[in-house]
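Asks: What follows is model01.json; its format and atoms are JSON, C-alpha atoms and all ligand atoms.
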[["chain", "number", "residue", "atom", "x", "y", "z"],
["A", 1, "MET", "CA", -18.52, -20.48, 9.67],
["A", 2, "THR", "CA", -21.48, -19.27, 7.72],
["A", 3, "ASP", "CA", -21.03, -15.57, 8.46],
["A", 4, "ARG", "CA", -17.83, -15.48, 6.43],
["A", 5, "ILE", "CA", -17.66, -14.25, 2.88],
["A", 6, "LEU", "CA", -14.39, -16.12, 2.37],
["A", 7, "ASP", "CA", -13.19, -19.26, 4.11],
["A", 8, "VAL", "CA", -9.82, -20.92, 3.68],
["A", 9, "ASP", "CA", -9.86, -24.35, 5.23],
["A", 10, "GLY", "CA", -6.79, -26.54, 5.64],
["A", 11, "VAL", "CA", -5.06, -25.29, 2.53],
["A", 12, "SER", "CA", -1.61, -26.60, 1.62],
["A", 13, "VAL", "CA", 0.33, -25.41, -1.40],
["A", 14, "SER", "CA", 3.70, -26.32, -2.87],
["A", 15, "TYR", "CA", 5.92, -25.45, -5.78],
["A", 16, "GLY", "CA", 7.44, -28.77, -6.79],
["A", 17, "ASP", "CA", 9.22, -30.12, -3.71],
["A", 18, "LEU", "CA", 8.94, -26.81, -1.87],
["A", 19, "THR", "CA", 5.97, -26.70, 0.50],
["A", 20, "VAL", "CA", 4.98, -23.06, 0.81],
["A", 21, "LEU", "CA", 1.72, -23.27, 2.77],
["A", 22, "ARG", "CA", 0.90, -25.87, 5.40],
["A", 23, "ASP", "CA", -2.67, -26.35, 6.61],
["A", 24, "VAL", "CA", -3.63, -22.69, 6.35],
["A", 25, "ASN", "CA", -6.96, -21.59, 7.82],
["A", 26, "ALA", "CA", -8.45, -18.12, 7.49],
["A", 27, "GLY", "CA", -11.78, -16.38, 7.31],
["A", 28, "VAL", "CA", -12.97, -13.00, 6.13],
["A", 29, "ALA", "CA", -16.20, -11.44, 7.41],
["A", 30, "PRO", "CA", -18.30, -9.49, 4.89],
["A", 31, "GLY", "CA", -17.64, -5.76, 4.94],
["A", 32, "SER", "CA", -14.41, -6.10, 6.89],
["A", 33, "VAL", "CA", -10.79, -5.32, 6.13],
["A", 34, "VAL", "CA", -8.56, -8.29, 6.92],
["A", 35, "ALA", "CA", -4.79, -7.97, 6.71],
["A", 36, "ILE", "CA", -2.10, -10.60, 6.38],
["A", 37, "VAL", "CA", 1.35, -9.43, 7.42],
["A", 38, "GLY", "CA", 4.63, -11.31, 7.39],
["A", 39, "ALA", "CA", 8.18, -11.24, 6.11],
["A", 40, "ASN", "CA", 9.27, -11.56, 2.51],
["A", 41, "GLY", "CA", 9.10, -15.18, 1.34],
["A", 42, "ALA", "CA", 6.62, -16.26, 4.04],
["A", 43, "GLY", "CA", 3.97, -17.34, 1.53],
["A", 44, "LYS", "CA", 1.54, -14.39, 1.52],
["A", 45, "THR", "CA", 1.45, -13.98, -2.26],
["A", 46, "THR", "CA", 1.10, -17.73, -2.72],
["A", 47, "LEU", "CA", -2.01, -17.69, -0.52],
["A", 48, "LEU", "CA", -3.63, -14.87, -2.51],
["A", 49, "ARG", "CA", -2.72, -16.55, -5.81],
["A", 50, "THR", "CA", -4.34, -19.75, -4.53],
["A", 51, "ILE", "CA", -7.53, -17.98, -3.47],
["A", 52, "ALA", "CA", -7.63, -16.17, -6.83],
["A", 53, "GLY", "CA", -7.44, -19.45, -8.75],
["A", 54, "VAL", "CA", -4.00, -18.79, -10.23],
["A", 55, "LYS", "CA", -2.38, -21.61, -8.24],
["A", 56, "SER", "CA", -3.98, -24.92, -7.30],
["A", 57, "PRO", "CA", -3.82, -26.12, -3.69],
["A", 58, "ASP", "CA", -2.54, -29.63, -2.88],
["A", 59, "ALA", "CA", -5.11, -29.93, -0.11],
["A", 60, "GLY", "CA", -7.91, -28.00, 1.55],
["A", 61, "THR", "CA", -10.92, -26.03, 0.39],
["A", 62, "ILE", "CA", -11.68, -22.40, -0.33],
["A", 63, "THR", "CA", -15.24, -21.16, -0.04],
["A", 64, "PHE", "CA", -16.42, -17.80, -1.37],
["A", 65, "ARG", "CA", -19.99, -16.58, -0.82],
["A", 66, "GLY", "CA", -21.05, -20.03, 0.24],
["A", 67, "GLU", "CA", -19.63, -21.82, -2.78],
["A", 68, "GLU", "CA", -16.50, -23.90, -3.02],
["A", 69, "ILE", "CA", -14.19, -22.17, -5.48],
["A", 70, "SER", "CA", -11.04, -24.32, -5.43],
["A", 71, "GLY", "CA", -10.10, -25.09, -9.01],
["A", 72, "ARG", "CA", -12.06, -22.18, -10.50],
["A", 73, "GLU", "CA", -10.40, -20.03, -13.13],
["A", 74, "PRO", "CA", -9.57, -16.42, -12.20],
["A", 75, "HIS", "CA", -12.07, -14.99, -14.72],
["A", 76, "GLN", "CA", -14.86, -17.12, -13.26],
["A", 77, "LEU", "CA", -14.04, -15.71, -9.85],
["A", 78, "ILE", "CA", -14.12, -12.13, -11.14],
["A", 79, "HIS", "CA", -17.67, -12.86, -12.31],
["A", 80, "ARG", "CA", -18.57, -14.05, -8.84],
["A", 81, "GLY", "CA", -17.19, -10.84, -7.35],
["A", 82, "LEU", "CA", -13.68, -11.82, -6.32],
["A", 83, "THR", "CA", -10.96, -9.57, -7.70],
["A", 84, "TYR", "CA", -7.22, -9.82, -7.20],
["A", 85, "VAL", "CA", -4.71, -7.00, -7.67],
["A", 86, "PRO", "CA", -1.34, -8.81, -7.82],
["A", 87, "GLU", "CA", 1.90, -7.66, -6.22],
["A", 88, "ARG", "CA", 3.81, -5.24, -8.48],
["A", 89, "HIS", "CA", 0.86, -5.23, -10.85],
["A", 90, "ARG", "CA", 1.87, -3.27, -13.89],
["A", 91, "VAL", "CA", -0.61, -1.11, -15.70],
["A", 92, "PHE", "CA", -0.16, -0.74, -19.47],
["A", 93, "PRO", "CA", 2.24, 2.24, -19.62],
["A", 94, "GLU", "CA", 1.44, 3.27, -23.20],
["A", 95, "MET", "CA", -2.30, 3.15, -22.70],
["A", 96, "THR", "CA", -4.20, 6.03, -21.16],
["A", 97, "VAL", "CA", -5.87, 5.74, -17.79],
["A", 98, "GLN", "CA", -9.25, 5.18, -19.47],
["A", 99, "GLU", "CA", -7.87, 2.56, -21.82],
["A", 100, "ASN", "CA", -6.38, 0.70, -18.85],
["A", 101, "LEU", "CA", -9.74, 0.74, -17.08],
["A", 102, "ARG", "CA", -11.53, -0.39, -20.24],
["A", 103, "THR", "CA", -9.16, -3.38, -20.51],
["A", 104, "ALA", "CA", -9.96, -4.35, -16.93],
["A", 105, "LEU", "CA", -13.68, -4.24, -17.73],
["A", 106, "VAL", "CA", -13.42, -6.79, -20.54],
["A", 107, "PRO", "CA", -14.14, -9.91, -18.40],
["A", 108, "VAL", "CA", -17.34, -8.45, -16.91],
["A", 109, "GLU", "CA", -20.57, -7.14, -18.36],
["A", 110, "ARG", "CA", -20.91, -3.77, -16.77],
["A", 111, "ASP", "CA", -21.95, -0.33, -17.90],
["A", 112, "ARG", "CA", -18.71, 1.49, -18.64],
["A", 113, "ARG", "CA", -19.87, 4.91, -17.58],
["A", 114, "GLU", "CA", -21.18, 3.65, -14.27],
["A", 115, "ALA", "CA", -17.97, 1.70, -13.66],
["A", 116, "PHE", "CA", -15.72, 4.64, -14.48],
["A", 117, "GLU", "CA", -17.83, 7.04, -12.43],
["A", 118, "GLN", "CA", -17.48, 4.78, -9.41],
["A", 119, "VAL", "CA", -13.68, 4.62, -9.57],
["A", 120, "PHE", "CA", -13.27, 8.30, -10.48],
["A", 121, "GLU", "CA", -15.27, 9.15, -7.39],
["A", 122, "LEU", "CA", -12.77, 7.22, -5.32],
["A", 123, "PHE", "CA", -9.73, 8.46, -7.28],
["A", 124, "PRO", "CA", -10.31, 12.05, -8.45],
["A", 125, "ILE", "CA", -6.72, 12.14, -9.71],
["A", 126, "LEU", "CA", -7.56, 9.39, -12.23],
["A", 127, "ARG", "CA", -10.47, 11.43, -13.54],
["A", 128, "GLU", "CA", -8.14, 14.39, -14.01],
["A", 129, "ARG", "CA", -5.62, 12.21, -15.82],
["A", 130, "ARG", "CA", -8.02, 9.96, -17.70],
["A", 131, "ASP", "CA", -6.50, 10.80, -21.09],
["A", 132, "GLN", "CA", -2.90, 10.64, -19.90],
["A", 133, "GLU", "CA", -0.61, 7.71, -20.70],
["A", 134, "ALA", "CA", -0.37, 5.61, -17.53],
["A", 135, "GLY", "CA", 3.42, 5.26, -17.80],
["A", 136, "THR", "CA", 3.86, 9.01, -17.38],
["A", 137, "MET", "CA", 2.17, 9.04, -13.97],
["A", 138, "SER", "CA", 3.91, 8.68, -10.58],
["A", 139, "GLY", "CA", 4.33, 5.27, -8.92],
["A", 140, "GLY", "CA", 1.58, 6.08, -6.45],
["A", 141, "GLN", "CA", -0.84, 7.10, -9.20],
["A", 142, "GLN", "CA", -0.05, 3.95, -11.16],
["A", 143, "GLN", "CA", -0.77, 1.90, -8.03],
["A", 144, "MET", "CA", -4.10, 3.69, -7.68],
["A", 145, "LEU", "CA", -4.86, 2.83, -11.29],
["A", 146, "ALA", "CA", -3.97, -0.81, -10.59],
["A", 147, "ILE", "CA", -6.45, -0.82, -7.68],
["A", 148, "ALA", "CA", -9.02, 0.98, -9.84],
["A", 149, "GLN", "CA", -8.64, -1.76, -12.48],
["A", 150, "GLY", "CA", -9.73, -4.21, -9.80],
["A", 151, "LEU", "CA", -12.61, -2.04, -8.66],
["A", 152, "VAL", "CA", -14.19, -1.48, -12.09],
["A", 153, "THR", "CA", -15.22, -5.14, -12.07],
["A", 154, "ASP", "CA", -17.53, -4.29, -9.14],
["A", 155, "PRO", "CA", -16.09, -6.81, -6.68],
["A", 156, "THR", "CA", -17.67, -8.01, -3.46],
["A", 157, "LEU", "CA", -14.17, -8.82, -2.22],
["A", 158, "ILE", "CA", -10.93, -7.29, -3.44],
["A", 159, "MET", "CA", -7.55, -8.78, -2.64],
["A", 160, "LEU", "CA", -4.64, -6.33, -2.65],
["A", 161, "ASP", "CA", -1.10, -7.72, -2.62],
["A", 162, "GLU", "CA", 1.44, -5.20, -1.27],
["A", 163, "PRO", "CA", -0.27, -2.07, -2.60],
["A", 164, "THR", "CA", 2.26, 0.17, -0.83],
["A", 165, "LEU", "CA", 5.39, -1.60, -2.07],
["A", 166, "GLY", "CA", 8.13, 0.85, -3.00],
["A", 167, "LEU", "CA", 6.03, 3.93, -2.32],
["A", 168, "ALA", "CA", 7.10, 7.00, -0.32],
["A", 169, "PRO", "CA", 5.59, 7.42, 3.18],
["A", 170, "LYS", "CA", 3.24, 10.21, 2.05],
["A", 171, "ILE", "CA", 1.90, 8.01, -0.75],
["A", 172, "VAL", "CA", 1.55, 5.08, 1.65],
["A", 173, "GLU", "CA", -0.83, 7.32, 3.61],
["A", 174, "ASP", "CA", -2.84, 7.99, 0.45],
["A", 175, "ILE", "CA", -3.14, 4.26, -0.25],
["A", 176, "ARG", "CA", -4.17, 3.70, 3.37],
["A", 177, "ASP", "CA", -6.95, 6.27, 2.98],
["A", 178, "THR", "CA", -7.94, 4.63, -0.30],
["A", 179, "ILE", "CA", -8.31, 1.25, 1.40],
["A", 180, "LEU", "CA", -10.52, 2.82, 4.05],
["A", 181, "ALA", "CA", -12.62, 4.47, 1.34],
["A", 182, "ILE", "CA", -12.97, 1.17, -0.54],
["A", 183, "SER", "CA", -14.13, -0.44, 2.67],
["A", 184, "GLU", "CA", -16.61, 2.37, 3.35],
["A", 185, "SER", "CA", -18.04, 1.87, -0.13],
["A", 186, "GLY", "CA", -19.07, -1.63, 1.00],
["A", 187, "VAL", "CA", -16.34, -3.73, -0.61],
["A", 188, "THR", "CA", -14.65, -6.33, 1.58],
["A", 189, "VAL", "CA", -10.85, -6.09, 1.53],
["A", 190, "LEU", "CA", -8.21, -8.77, 2.00],
["A", 191, "LEU", "CA", -4.90, -6.95, 2.22],
["A", 192, "VAL", "CA", -1.37, -8.32, 2.20],
["A", 193, "ASP", "CA", 1.27, -5.87, 3.35],
["A", 194, "GLU", "CA", 4.68, -6.11, 4.94],
["A", 195, "LYS", "CA", 4.14, -2.75, 6.61],
["A", 196, "VAL", "CA", 2.58, -3.84, 9.89],
["A", 197, "GLU", "CA", 1.68, -0.32, 11.05],
["A", 198, "MET", "CA", -0.09, 0.43, 7.82],
["A", 199, "ALA", "CA", -1.97, -2.89, 7.94],
["A", 200, "ALA", "CA", -2.93, -2.33, 11.58],
["A", 201, "ALA", "CA", -4.25, 1.14, 10.78],
["A", 202, "VAL", "CA", -6.85, -0.14, 8.31],
["A", 203, "SER", "CA", -7.77, -3.65, 9.37],
["A", 204, "ASP", "CA", -10.49, -5.15, 11.54],
["A", 205, "GLU", "CA", -8.71, -8.48, 11.87],
["A", 206, "MET", "CA", -5.14, -9.48, 11.25],
["A", 207, "TYR", "CA", -3.13, -12.61, 10.49],
["A", 208, "LEU", "CA", 0.61, -13.26, 10.55],
["A", 209, "MET", "CA", 2.17, -15.47, 7.89],
["A", 210, "ARG", "CA", 5.35, -17.06, 9.19],
["A", 211, "LYS", "CA", 7.27, -20.18, 8.17],
["A", 212, "ASN", "CA", 4.45, -21.32, 5.86],
["A", 213, "THR", "CA", 1.82, -21.12, 8.58],
["A", 214, "LEU", "CA", -0.84, -18.54, 9.15],
["A", 215, "THR", "CA", -1.55, -17.40, 12.71],
["A", 216, "TYR", "CA", -4.63, -15.41, 13.68],
["A", 217, "LEU", "CA", -3.58, -12.29, 15.61],
["A", 218, "GLY", "CA", -7.06, -11.17, 16.56],
["A", 219, "GLU", "CA", -9.36, -8.21, 16.12],
["A", 220, "ARG", "CA", -8.62, -4.50, 16.15],
["A", 221, "GLY", "CA", -7.16, -3.58, 19.54],
["A", 222, "GLU", "CA", -5.79, -7.10, 20.09],
["A", 223, "PHE", "CA", -3.43, -7.71, 17.22],
["A", 224, "GLU", "CA", -0.59, -5.34, 18.13],
["A", 225, "ALA", "CA", -0.05, -7.13, 21.45],
["A", 226, "ALA", "CA", -0.31, -10.55, 19.79],
["A", 227, "TYR", "CA", 2.15, -9.52, 17.11],
["A", 228, "ASN", "CA", 4.68, -8.17, 19.61],
["A", 229, "ARG", "CA", 4.36, -11.28, 21.77],
["A", 230, "ILE", "CA", 5.12, -13.54, 18.80],
["A", 231, "LEU", "CA", 8.10, -11.39, 17.81],
["A", 232, "GLU", "CA", 9.46, -11.57, 21.37],
["A", 233, "GLU", "CA", 9.04, -15.35, 21.41],
["A", 234, "THR", "CA", 10.91, -15.57, 18.11],
["A", 235, "VAL", "CA", 13.78, -13.38, 19.27],
["A", 236, "GLY", "CA", 13.99, -14.59, 22.90],
["A", 301, "LIG", "N1", 6.41, -19.54, -8.91],
["A", 301, "LIG", "C1", 7.18, -20.02, -7.91],
["A", 301, "LIG", "N2", 7.96, -21.12, -8.10],
["A", 301, "LIG", "C2", 8.73, -21.60, -7.10],
["A", 301, "LIG", "N3", 8.80, -21.08, -5.86],
["A", 301, "LIG", "C3", 8.05, -19.99, -5.62],
["A", 301, "LIG", "C4", 7.21, -19.40, -6.61],
["A", 301, "LIG", "N4", 6.58, -18.33, -6.07],
["A", 301, "LIG", "C5", 7.03, -18.26, -4.80],
["A", 301, "LIG", "N5", 7.91, -19.25, -4.53],
["A", 301, "LIG", "C6", 8.55, -19.48, -3.23],
["A", 301, "LIG", "O1", 7.52, -19.64, -2.27],
["A", 301, "LIG", "C7", 7.87, -19.00, -1.05],
["A", 301, "LIG", "C8", 6.80, -18.00, -0.68],
["A", 301, "LIG", "O2", 6.78, -16.95, -1.64],
["A", 301, "LIG", "P1", 5.65, -15.85, -1.66],
["A", 301, "LIG", "O3", 4.33, -16.51, -1.59],
["A", 301, "LIG", "O4", 5.93, -14.96, -2.81],
["A", 301, "LIG", "O5", 5.92, -15.09, -0.27],
["A", 301, "LIG", "P2", 5.60, -13.59, 0.18],
["A", 301, "LIG", "O6", 4.54, -13.05, -0.70],
["A", 301, "LIG", "O7", 5.18, -13.74, 1.61],
["A", 301, "LIG", "O8", 6.88, -12.83, 0.06],
["A", 301, "LIG", "C9", 9.27, -18.40, -1.28],
["A", 301, "LIG", "O9", 10.22, -19.30, -0.77],
["A", 301, "LIG", "C10", 9.35, -18.29, -2.76],
["A", 301, "LIG", "O10", 10.69, -18.37, -3.20],
["A", 302, "MG", "MG", 4.50, -11.35, -1.83]]
What is this file in structure tokens?
Replies:
Amino acid sequence: MTDRILDVDGVSVSYGDLTVLRDVNAGVAPGSVVAIVGANGAGKTTLLRTIAGVKSPDAGTITFRGEEISGREPHQLIHRGLTYVPERHRVFPEMTVQENLRTALVPVERDRREAFEQVFELFPILRERRDQEAGTMSGGQQQMLAIAQGLVTDPTLIMLDEPTLGLAPKIVEDIRDTILAISESGVTVLLVDEKVEMAAAVSDEMYLMRKNTLTYLGERGEFEAAYNRILEETVG
């Protein structure tokens, strides 16, 4: 479909003999938040790694902003506006917040002040702590820095893999608000999260990854029912 910013078409991925994704199809509309939920080991991270150019697919095509990107290197994709914040992404603990952001800016040509201003607007806490060593901040603040490292590259689409992993419920709420703010700033978001409620609270469309296949659950207002129906089918 032409109105999609990202299209995943018939993608299959394996690690050696282990097939992790089978004929996966997905689309992301510009300006939307799309979430992929699913249990541990289902293949969610593998899909994001494949879109980001870290892993090569065995079959299928991936189209971003009208251009086929399968086989592109991650840094080429960052230039085109596709940024990926990996699961358990570690910031550099001995570098300050600003130094971490500067490192993330290296692959792109962008005015540093403008880039920093944009992320500090979104994360006032990072402005406050800009000269603090990242490793001395809380887990939630480090996760915000990880997301900010993605945002300084000025993405059109940002992929977030489990941004709430291991965080306390109150901090999960902060990350949820952050995702909404990112979306309001005009950046398209592809989110992977095992926390279905959290994903449902922010997303316009949702997918379920299960047994190496991706199932479309529908748009906001539809996906809770679809999700529950699938769970009932699985249990019953
Ligand atoms: N680098 C790898 N080498 C071999 N197997 C892997 C690798 N990464 C993931 N897997 C396997 O692929 C499957 C899907 O993993 P993953 O994509 O990380 O799922 P999820 O993110 O949904 O938890 C799992 O069975 C996992 O063990
Ligand atoms: Mg994962």
Asks: Given a cut-off of 12 Å, what residues near ligand LIG 301 (chain A) show up using all atoms listed in the file, put as a PyMOL selection string?
Replies: chain A and resi 13-22+36-50+54-56+86-88+160-162+165+191-194+208-214
Asks: What gap, in Å, lies between atom CA of Ile51 of chain A and atom CA of His89 of chain A?
Replies: 17.0 Å
Asks: A:Val85, A:Val152, A:Met137, A:Gly218: which is nearest ligand MG 302 (chain A), counting all atoms listed in the file?
Replies: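 That would be A:Val85, the residue with the smallest distance to ligand MG 302 (chain A).
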Asks: Quick check, in Å to one decimal: how far apart do atom CA of Thr83 of chain A and atom CA of Ile158 of chain A lie?
Replies: 4.8 Å
Asks: Using all atoms listed in the file, find the one residue out of A:Thr164, A:Val172, A:Arg65, A:Ile147 that sits nearest to ligand MG 302 (chain A).
Replies: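 Looking only at the distances to ligand MG 302 (chain A), the closest residue turns out to be A:Thr164.
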Asks: Which of these residues is nearest to Ala146 of chain A, using all atoms listed in the file: A:Arg90, A:Arg176, A:Arg130, A:Arg220?
Replies: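 Counting all atoms listed in the file, the residue closest to Ala146 of chain A is A:Arg90.
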Asks: Which is closest to Pro163 of chain A among A:Ser185, A:Ala199, A:Asp23, A:Gly10, if we use only C-alpha atoms?
Replies: A:Ala199
Asks: Return the single residue from A:Thr103, A:Asn25, A:Glu67, A:Glu197 that is closest to Gly150 of chain A, with distances computed using only C-alpha atoms.
Replies: A:Thr103
Asks: With only C-alpha atoms as the basis for distance, which of A:Leu151, A:Gln142, A:Ala200, A:Glu133 is at the shortest distance from Phe120 of chain A?
Replies: A:Leu151
Asks: Would you mind reading off the distance between atom CA of Ile5 of chain A and atom CA of Pro30 of chain A, one decimal, in Å?
Replies: 5.2 Å
